[in-house]
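Below: one structure, written as structure tokens.
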Amino acid sequence: MASSVKKRSVLPGFGLSMGFTILYLSLIVLFPLAGIVVKSTQQSWDKFWETATDPRVLASIEVSLTTSLCAAAVNAVFGLIVAWVLVRYSFPGKRLIDGLVDLPFALPTAVAGIALTAIYSQNGALGSFFAKFDIKTAYSPLGITIALLFIGLPFVVRTIQPVLEDLEKDVEEAAASLGASRWRTFRRVIFPAVLPSLLTGFALAFARGLGEYGSVVFISGNMPMKTEIAPLLIRTKLEQYDYTGATTIAFLMLILSFVLLLVINLLQWRASRRTIQA
């Protein structure tokens, strides 16, 4: 008799809320992306291939990909350290540092780009220091990476922080009581637990950096074939009324981003599965 009773959904009005969710995502995400695909496929294959293989387009995509990947990788390492310090230690000014992590979320990206350019230019406070060692920061791929480090750090820290807070210290103490060193405890106990969230933060920082414009456009120098990013080239195409060319570049970036994010999500899924099995 009990088995014949239909179980009620935990979420009341699931059908209506699910329909609204699909409609909202379609209007905000799917339809604009579909518009990019449709617009880019309206041209002939020869024209599409000519735009896609243009040296300037390929160079801009390469700059965007390499700088975004480098910045996301560095943020993954140092973001884990920052999250560890904020979770595991108490010290004066902790609340201030914790608030500073979210500053790139609130600060307009254009303001961040201007500030970073002023600091890391050849005459800036930090740029002049690096110039002594013949290291060019602003108006170079390194400057772009620095800007992406600034805007991507909160994604990694805020993704890892809740996992570290929920991680029980009893497991670490048990590993230490069994004779495991600090490094082995971190490698075998802590790191597998935070790896899925670390990959998530890496993916978010990479995705944000790939499409970033405001904080990069000033510090990059916008030199074609050298420091020109793909979003800037898309805007240049739009200003020239080359809408087909702009959507073609956007379509290429969409495909590359989707493939890379798919790979990262697969790695995250495998890491989560290993953690559950362990």
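Residues are referred to by chain and number: the chain letter is A, B, ... according to the order shown in the structure tokens, the number counts from 1 in that chain, and ligands are numbered separately from 1 in the order shown.
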Find the spatial neighbours of range 236-246 of chain A, counting only C-alpha atoms, within a cut-off of 7 Å - ignore same-chain residues fewer than 4 positions away - and output them as a short mmCIF file (atom, residue, chain, number, x, y, z; two decimals) with N, CA and C atoms, in the first residue's frame.
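Final output, saved to selection-v8.cif:
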data_model
loop_
_atom_site.label_atom_id
_atom_site.label_comp_id
_atom_site.auth_asym_id
_atom_site.auth_seq_id
_atom_site.Cartn_x
_atom_site.Cartn_y
_atom_site.Cartn_z
N LYS A 39 25.05 33.25 -37.47
CA LYS A 39 25.66 34.37 -38.20
C LYS A 39 26.96 33.96 -38.86
N SER A 40 27.78 33.16 -38.16
CA SER A 40 29.06 32.75 -38.73
C SER A 40 28.92 31.74 -39.84
N THR A 51 38.89 33.75 -42.92
CA THR A 51 38.91 34.51 -41.67
C THR A 51 39.51 33.71 -40.53
N LEU A 232 39.56 41.97 -28.24
CA LEU A 232 39.84 43.27 -28.85
C LEU A 232 39.71 43.20 -30.36
N ALA A 250 34.38 34.92 -32.79
CA ALA A 250 33.65 34.54 -31.58
C ALA A 250 33.28 33.07 -31.62
#
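Across the model, the gap from CA of Phe150 in chain A to CA of Glu62 in chain A is 20.2 Å.
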Contacts of Phe206 in chain A at 12 Å (only C-alpha atoms; same-chain gap of 2+ positions) as a PyMOL selection string
chain A and resi 64-76+145+148-149+151-153+155-156+199-204+208-212+256-258+260-261+264
I need the residues from that last selection saved to file as an mmCIF file, in the first residue's frame (with C-alpha atoms), if you can.
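And here's out-v1.cif as it stands now:
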data_model
loop_
_atom_site.group_PDB
_atom_site.id
_atom_site.type_symbol
_atom_site.label_atom_id
_atom_site.label_comp_id
_atom_site.auth_asym_id
_atom_site.auth_seq_id
_atom_site.Cartn_x
_atom_site.Cartn_y
_atom_site.Cartn_z
ATOM 1 C CA SER A 64 44.276 34.835 -25.316
ATOM 2 C CA LEU A 65 44.625 31.081 -24.798
ATOM 3 C CA THR A 66 48.220 31.040 -23.547
ATOM 4 C CA THR A 67 47.853 33.973 -21.159
ATOM 5 C CA SER A 68 44.541 32.657 -19.789
ATOM 6 C CA LEU A 69 45.974 29.181 -19.209
ATOM 7 C CA CYS A 70 49.116 30.534 -17.561
ATOM 8 C CA ALA A 71 47.160 32.883 -15.306
ATOM 9 C CA ALA A 72 44.677 30.164 -14.327
ATOM 10 C CA ALA A 73 47.501 27.713 -13.542
ATOM 11 C CA VAL A 74 49.341 30.236 -11.364
ATOM 12 C CA ASN A 75 46.104 31.213 -9.612
ATOM 13 C CA ALA A 76 45.384 27.537 -8.939
ATOM 14 C CA THR A 145 48.939 37.521 -17.636
ATOM 15 C CA LEU A 148 44.322 37.991 -15.686
ATOM 16 C CA LEU A 149 45.938 36.939 -12.408
ATOM 17 C CA ILE A 151 40.755 39.175 -11.991
ATOM 18 C CA GLY A 152 40.981 35.366 -11.698
ATOM 19 C CA LEU A 153 42.266 34.873 -8.151
ATOM 20 C CA PHE A 155 37.380 32.361 -8.444
ATOM 21 C CA VAL A 156 39.989 29.910 -7.163
ATOM 22 C CA LEU A 199 39.833 22.173 -10.997
ATOM 23 C CA THR A 200 36.542 24.055 -10.802
ATOM 24 C CA GLY A 201 38.315 27.225 -9.723
ATOM 25 C CA PHE A 202 40.883 26.735 -12.476
ATOM 26 C CA ALA A 203 38.120 26.367 -15.066
ATOM 27 C CA LEU A 204 36.300 29.480 -13.827
ATOM 28 C CA ARG A 208 36.930 34.513 -17.175
ATOM 29 C CA GLY A 209 40.390 35.274 -18.519
ATOM 30 C CA LEU A 210 39.584 34.026 -21.988
ATOM 31 C CA GLY A 211 36.832 36.565 -22.454
ATOM 32 C CA GLU A 212 38.306 39.389 -20.382
ATOM 33 C CA LEU A 256 37.904 26.245 -28.192
ATOM 34 C CA SER A 257 36.438 27.269 -24.843
ATOM 35 C CA PHE A 258 33.861 24.487 -24.968
ATOM 36 C CA LEU A 260 38.872 22.994 -23.026
ATOM 37 C CA LEU A 261 36.136 23.339 -20.417
ATOM 38 C CA ILE A 264 38.572 20.202 -17.422
#
Determine, counting only C-alpha atoms, which protein, DNA and RNA residues have an atom within 10 Å of an atom of Leu164 in chain A; residues of the same chain fewer than 3 positions away are not included. Present the result as a list in words.
Leu80, Ala83, Trp84, Leu86, Val87, Arg88, Thr159, Ile160, Gln161, Leu167, Glu168, Lys169, Ile190, Ala193, Val194 and Ser197 of chain A
What's around Gly127 in chain A at 10 Å? Count only C-alpha atoms, leave out sequence neighbours fewer than 2 positions away in its own chain, and write the answer as number ranges by chain.
A: 116-125, 129-132, 135-138, 143
With C-alpha atoms retained, write the just-selected residues as an mmCIF file, in the first residue's frame.
data_model
loop_
_atom_site.group_PDB
_atom_site.id
_atom_site.type_symbol
_atom_site.label_atom_id
_atom_site.label_comp_id
_atom_site.auth_asym_id
_atom_site.auth_seq_id
_atom_site.Cartn_x
_atom_site.Cartn_y
_atom_site.Cartn_z
ATOM 1 C CA LEU A 116 47.839 47.875 -13.367
ATOM 2 C CA THR A 117 49.179 49.731 -16.403
ATOM 3 C CA ALA A 118 50.322 52.643 -14.233
ATOM 4 C CA ILE A 119 52.065 50.327 -11.772
ATOM 5 C CA TYR A 120 53.678 47.944 -14.262
ATOM 6 C CA SER A 121 54.619 50.452 -16.970
ATOM 7 C CA GLN A 122 58.292 51.184 -17.514
ATOM 8 C CA ASN A 123 58.058 54.236 -15.277
ATOM 9 C CA GLY A 124 55.751 52.612 -12.744
ATOM 10 C CA ALA A 125 56.611 51.505 -9.232
ATOM 11 C CA PHE A 129 62.044 47.499 -10.915
ATOM 12 C CA PHE A 130 61.569 44.753 -13.506
ATOM 13 C CA ALA A 131 63.009 47.005 -16.195
ATOM 14 C CA LYS A 132 66.363 46.862 -14.409
ATOM 15 C CA ILE A 135 61.855 42.321 -18.066
ATOM 16 C CA LYS A 136 59.049 44.091 -19.870
ATOM 17 C CA THR A 137 55.806 43.842 -17.932
ATOM 18 C CA ALA A 138 53.283 46.269 -19.402
ATOM 19 C CA GLY A 143 51.361 42.212 -18.601
#
With distances taken over only C-alpha atoms, the candidate from A:Ser181, A:Ala110, A:Leu262, A:Gln268 nearest Val217 in chain A is A:Ala110
So what do you get for CA of Ser272 in chain A versus CA of Arg188 in chain A, distance-wise?
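That distance, rounded to one decimal, is 14.3 Å.
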Surrounding residues of range 220-226 of chain A excluding itself and chain neighbours under 4 positions, 7 Å, only C-alpha atoms, as a PyMOL selection string
chain A and resi 56+59-60+138-141+143-144+216
